[in-house]
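Participant: Dropping a structure here in structure tokens format, bear with me for questions.
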Amino acid sequence: MAGAVVLALLLLAAMVAAAGGCAGEAFTANRAYAACSDLPRLGASLHWTYDDRGAGGELSVAFVAAPAAPGGWVAWGLNPAGDGMAGAQALVAVPSSSSSSSPGAWEVRTYNISGYALGEPGPIAFPASDLAAELGADGRVRVFGTLSLAAYGGAGVLNQVWQVGPAVTGGVPAPHAMAGANLAAKAKLDLLTQTTTAASSSSDAIAKKRNIHGLLNAVSWGILLPMGAILARYLRTFRSADPAWFYLHVSCQLIGYGVGVAGWATGINLGNMSNGITYTLHRNIGIIVFALGTLQIFALFLRPKKENKYRVYWNMYHHSVGYTVIILGITNIFKGMTILGVEQRWKTAYVAVLCLLGVAAVILEVVTWGMVVKRRNAESKTFNSASNGHLPRHV
């Protein structure tokens, strides 16, 4: 008896879990579909019915996903050319811009995406009909449509892609985030077995390399190099720290540069792997930072001795280039975070580290200036005493 009760509870739990997924979805206008699948990324799901009559057959779909932010957009499409964004024949749902539409209405546009930019709306390779979209009370958008698959020639397994975006500005969907889930939002749609399978591609590997690239550069250009500059600026004031401050400074900068080179090389590799995707400003700043950082390393071997008359000019160069590298490096780190679409908590953590370094620099600035003023006053008194005790004698 007890075993039967446990079995019944387990069965009930399984039914509840199933009902909580795509199988529990209900649509307006009595729309119903033969199969559904919870897609592996972005919390999306796909419902479909495949009618194999006619050339290639017809595919009726309902795609369900929440925009990345209120007022954003959602998209789903098939790609006859590959398993990525380039070549996708997409249905993109956006808030309606028509003045005749009721408040809260949505519309569906078709896009033939030829590269890594959305482009302009236009006809797609799969003639589409019955297009509609609506925003549910749960904040998710339902996209409906029927596609003629004659261009696929009756293929039983299709490449599907989907995406969500944060905003629509002037009627144009804003770029989506570049987080791992966004880059991996693609799968195989098997019309015969009525299943979806995550696409086996290099997307996860690219997303992992992006994260490694960001982490290496944040630690190097964004943390270690500022720390090295703080050590050099303030520890040298303490006479007991000489020459330890110099070796600490050099060690911190060399380690930071080494880690930064690894991050820069990872970025170059990512650029080669991501054909058609170019972040021009981020890339150019990265190249400048790497070039100036390398110049700093070579300049270390040309450092004149303290008594050399050219040492003052070398110091001016070293300080100006060093601070430029730090400022550009930190700026580029924030640009990289925006490109990666990192969670706010990571941005907050990095800002907290910068604030900690800034507070330490301010405190050390006050302390060292106090020491310098006291030292100068003491030296002035000593000089005055010595002058008064050794006045020249006139015969």
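Lettering and numbering for the structure tokens are positional, with chains as A, B, ... in the shown order, residues counted from 1 in each chain, and ligands counted from 1 in the shown order.
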Could you find all residues in segment 48-106 of chain A that DSSP calls strand (DSSP E or B) from the backbone, and write them as a list in words?
Facilitator: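 Strand (DSSP E or B) members of segment 48-106 of chain A, listed: Trp48, Thr49, Tyr50, Asp51, Glu58, Leu59, Ser60, Val61, Ala62, Phe63, Val64, Ala65, Trp73, Val74, Ala75, Trp76, Gly77, Leu78, Gln89, Ala90, Leu91, Val92, Ala93, Val94, Pro95 and Trp106 of chain A.
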Participant: Determine, counting only C-alpha atoms, which protein, DNA and RNA residues have an atom within 12 Å of an atom of Phe301 of chain A; residues of the same chain fewer than 6 positions away are not included. Present the result as a list in words.
Facilitator: Val250, Thr294, Leu295 and Trp314 of chain A
Participant: Those residues you just picked out, can you put them in a file as a PDB file, in the first residue's frame with N, CA, C and O atoms?
Facilitator:
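Ended up saving to out33.pdb:
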ATOM      1  N   VAL A 250      58.375  46.211 -10.413  1.00  0.00           N
ATOM      2  CA  VAL A 250      58.747  45.498 -11.629  1.00  0.00           C
ATOM      3  C   VAL A 250      58.074  44.133 -11.687  1.00  0.00           C
ATOM      4  O   VAL A 250      57.556  43.711 -12.734  1.00  0.00           O
ATOM      5  N   THR A 294      54.052  46.844 -24.279  1.00  0.00           N
ATOM      6  CA  THR A 294      55.299  46.234 -24.772  1.00  0.00           C
ATOM      7  C   THR A 294      56.413  47.272 -24.808  1.00  0.00           C
ATOM      8  O   THR A 294      57.570  46.977 -24.462  1.00  0.00           O
ATOM      9  N   LEU A 295      56.076  48.491 -25.196  1.00  0.00           N
ATOM     10  CA  LEU A 295      57.064  49.569 -25.224  1.00  0.00           C
ATOM     11  C   LEU A 295      57.603  49.843 -23.815  1.00  0.00           C
ATOM     12  O   LEU A 295      58.813  50.099 -23.639  1.00  0.00           O
ATOM     13  N   TRP A 314      63.249  60.368 -19.131  1.00  0.00           N
ATOM     14  CA  TRP A 314      62.805  58.973 -19.125  1.00  0.00           C
ATOM     15  C   TRP A 314      61.653  58.798 -18.143  1.00  0.00           C
ATOM     16  O   TRP A 314      60.674  58.093 -18.432  1.00  0.00           O
TER      17      TRP A 314
END
Participant: Rounded to one decimal in Å, what is the spacing between atom CA of Thr348 of chain A and atom CA of Lys335 of chain A?
Facilitator: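 A separation of 14.4 Å between them.
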Participant: Taking 5 positions as the minimum chain separation for residues in the same chain, which residues sit within 9 Å of Leu78 of chain A when counting only C-alpha atoms? Answer as a list in words.
Facilitator: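 Contacts, in chain order: Asp83, Gly87, Ala88, Gln89, Ala90, Phe126, Leu158, Asn159, Gln160, Val161 and Trp162 of chain A.
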Participant: Save the residues we just selected, all heavy atoms, as a compact mmCIF listing (two decimals), in the first residue's frame?
Facilitator:
# COMPACT_ATOMS: atom_id res chain seq x y z
N ASP A 83 24.55 26.34 -38.99
CA ASP A 83 23.89 26.25 -37.69
C ASP A 83 24.06 27.53 -36.87
O ASP A 83 23.91 27.52 -35.66
CB ASP A 83 24.44 25.06 -36.89
CG ASP A 83 25.93 25.20 -36.58
OD1 ASP A 83 26.54 26.18 -37.05
OD2 ASP A 83 26.46 24.33 -35.88
N GLY A 87 22.88 33.45 -42.48
CA GLY A 87 22.10 32.57 -43.34
C GLY A 87 20.73 32.22 -42.79
O GLY A 87 19.94 31.54 -43.46
N ALA A 88 20.42 32.66 -41.57
CA ALA A 88 19.15 32.32 -40.95
C ALA A 88 17.99 33.05 -41.63
O ALA A 88 18.11 34.20 -42.05
CB ALA A 88 19.18 32.66 -39.46
N GLN A 89 16.88 32.37 -41.73
CA GLN A 89 15.62 32.93 -42.23
C GLN A 89 14.73 33.09 -41.00
O GLN A 89 14.18 32.12 -40.48
CB GLN A 89 14.98 32.00 -43.26
CG GLN A 89 15.94 31.57 -44.37
CD GLN A 89 16.44 32.74 -45.19
OE1 GLN A 89 15.66 33.47 -45.80
NE2 GLN A 89 17.75 32.93 -45.21
N ALA A 90 14.62 34.32 -40.52
CA ALA A 90 14.12 34.54 -39.17
C ALA A 90 12.77 35.24 -39.12
O ALA A 90 12.43 36.07 -39.97
CB ALA A 90 15.14 35.36 -38.38
N PHE A 126 11.77 30.77 -46.98
CA PHE A 126 10.60 29.93 -46.69
C PHE A 126 9.38 30.84 -46.63
O PHE A 126 9.19 31.55 -45.64
CB PHE A 126 10.77 29.21 -45.35
CG PHE A 126 12.08 28.49 -45.22
CD1 PHE A 126 13.06 28.94 -44.33
CD2 PHE A 126 12.36 27.38 -45.98
CE1 PHE A 126 14.26 28.29 -44.22
CE2 PHE A 126 13.56 26.72 -45.87
CZ PHE A 126 14.53 27.18 -44.99
N LEU A 158 16.20 19.97 -39.41
CA LEU A 158 16.43 21.37 -39.75
C LEU A 158 17.32 22.03 -38.71
O LEU A 158 17.31 21.65 -37.53
CB LEU A 158 15.09 22.12 -39.82
CG LEU A 158 13.95 21.45 -40.59
CD1 LEU A 158 12.69 22.31 -40.49
CD2 LEU A 158 14.35 21.27 -42.05
N ASN A 159 18.07 23.05 -39.15
CA ASN A 159 18.85 23.88 -38.24
C ASN A 159 17.98 25.03 -37.77
O ASN A 159 17.50 25.81 -38.58
CB ASN A 159 20.09 24.45 -38.93
CG ASN A 159 21.03 23.36 -39.41
OD1 ASN A 159 21.33 22.42 -38.68
ND2 ASN A 159 21.53 23.50 -40.64
N GLN A 160 17.78 25.16 -36.47
CA GLN A 160 17.00 26.27 -35.94
C GLN A 160 17.87 27.13 -35.03
O GLN A 160 18.79 26.64 -34.35
CB GLN A 160 15.77 25.76 -35.17
CG GLN A 160 16.10 24.91 -33.95
CD GLN A 160 14.87 24.61 -33.12
OE1 GLN A 160 13.92 25.40 -33.07
NE2 GLN A 160 14.86 23.45 -32.46
N VAL A 161 17.58 28.40 -35.03
CA VAL A 161 18.26 29.36 -34.16
C VAL A 161 17.20 30.24 -33.51
O VAL A 161 16.10 30.41 -34.06
CB VAL A 161 19.27 30.24 -34.94
CG1 VAL A 161 20.42 29.40 -35.49
CG2 VAL A 161 18.58 30.97 -36.09
N TRP A 162 17.51 30.80 -32.38
CA TRP A 162 16.58 31.70 -31.71
C TRP A 162 17.38 32.71 -30.90
O TRP A 162 18.56 32.51 -30.62
CB TRP A 162 15.58 30.95 -30.84
CG TRP A 162 16.19 30.17 -29.70
CD1 TRP A 162 16.33 30.56 -28.40
CD2 TRP A 162 16.74 28.85 -29.78
NE1 TRP A 162 16.93 29.58 -27.66
CE2 TRP A 162 17.20 28.51 -28.48
CE3 TRP A 162 16.90 27.92 -30.81
CZ2 TRP A 162 17.80 27.29 -28.18
CZ3 TRP A 162 17.50 26.70 -30.53
CH2 TRP A 162 17.94 26.38 -29.23
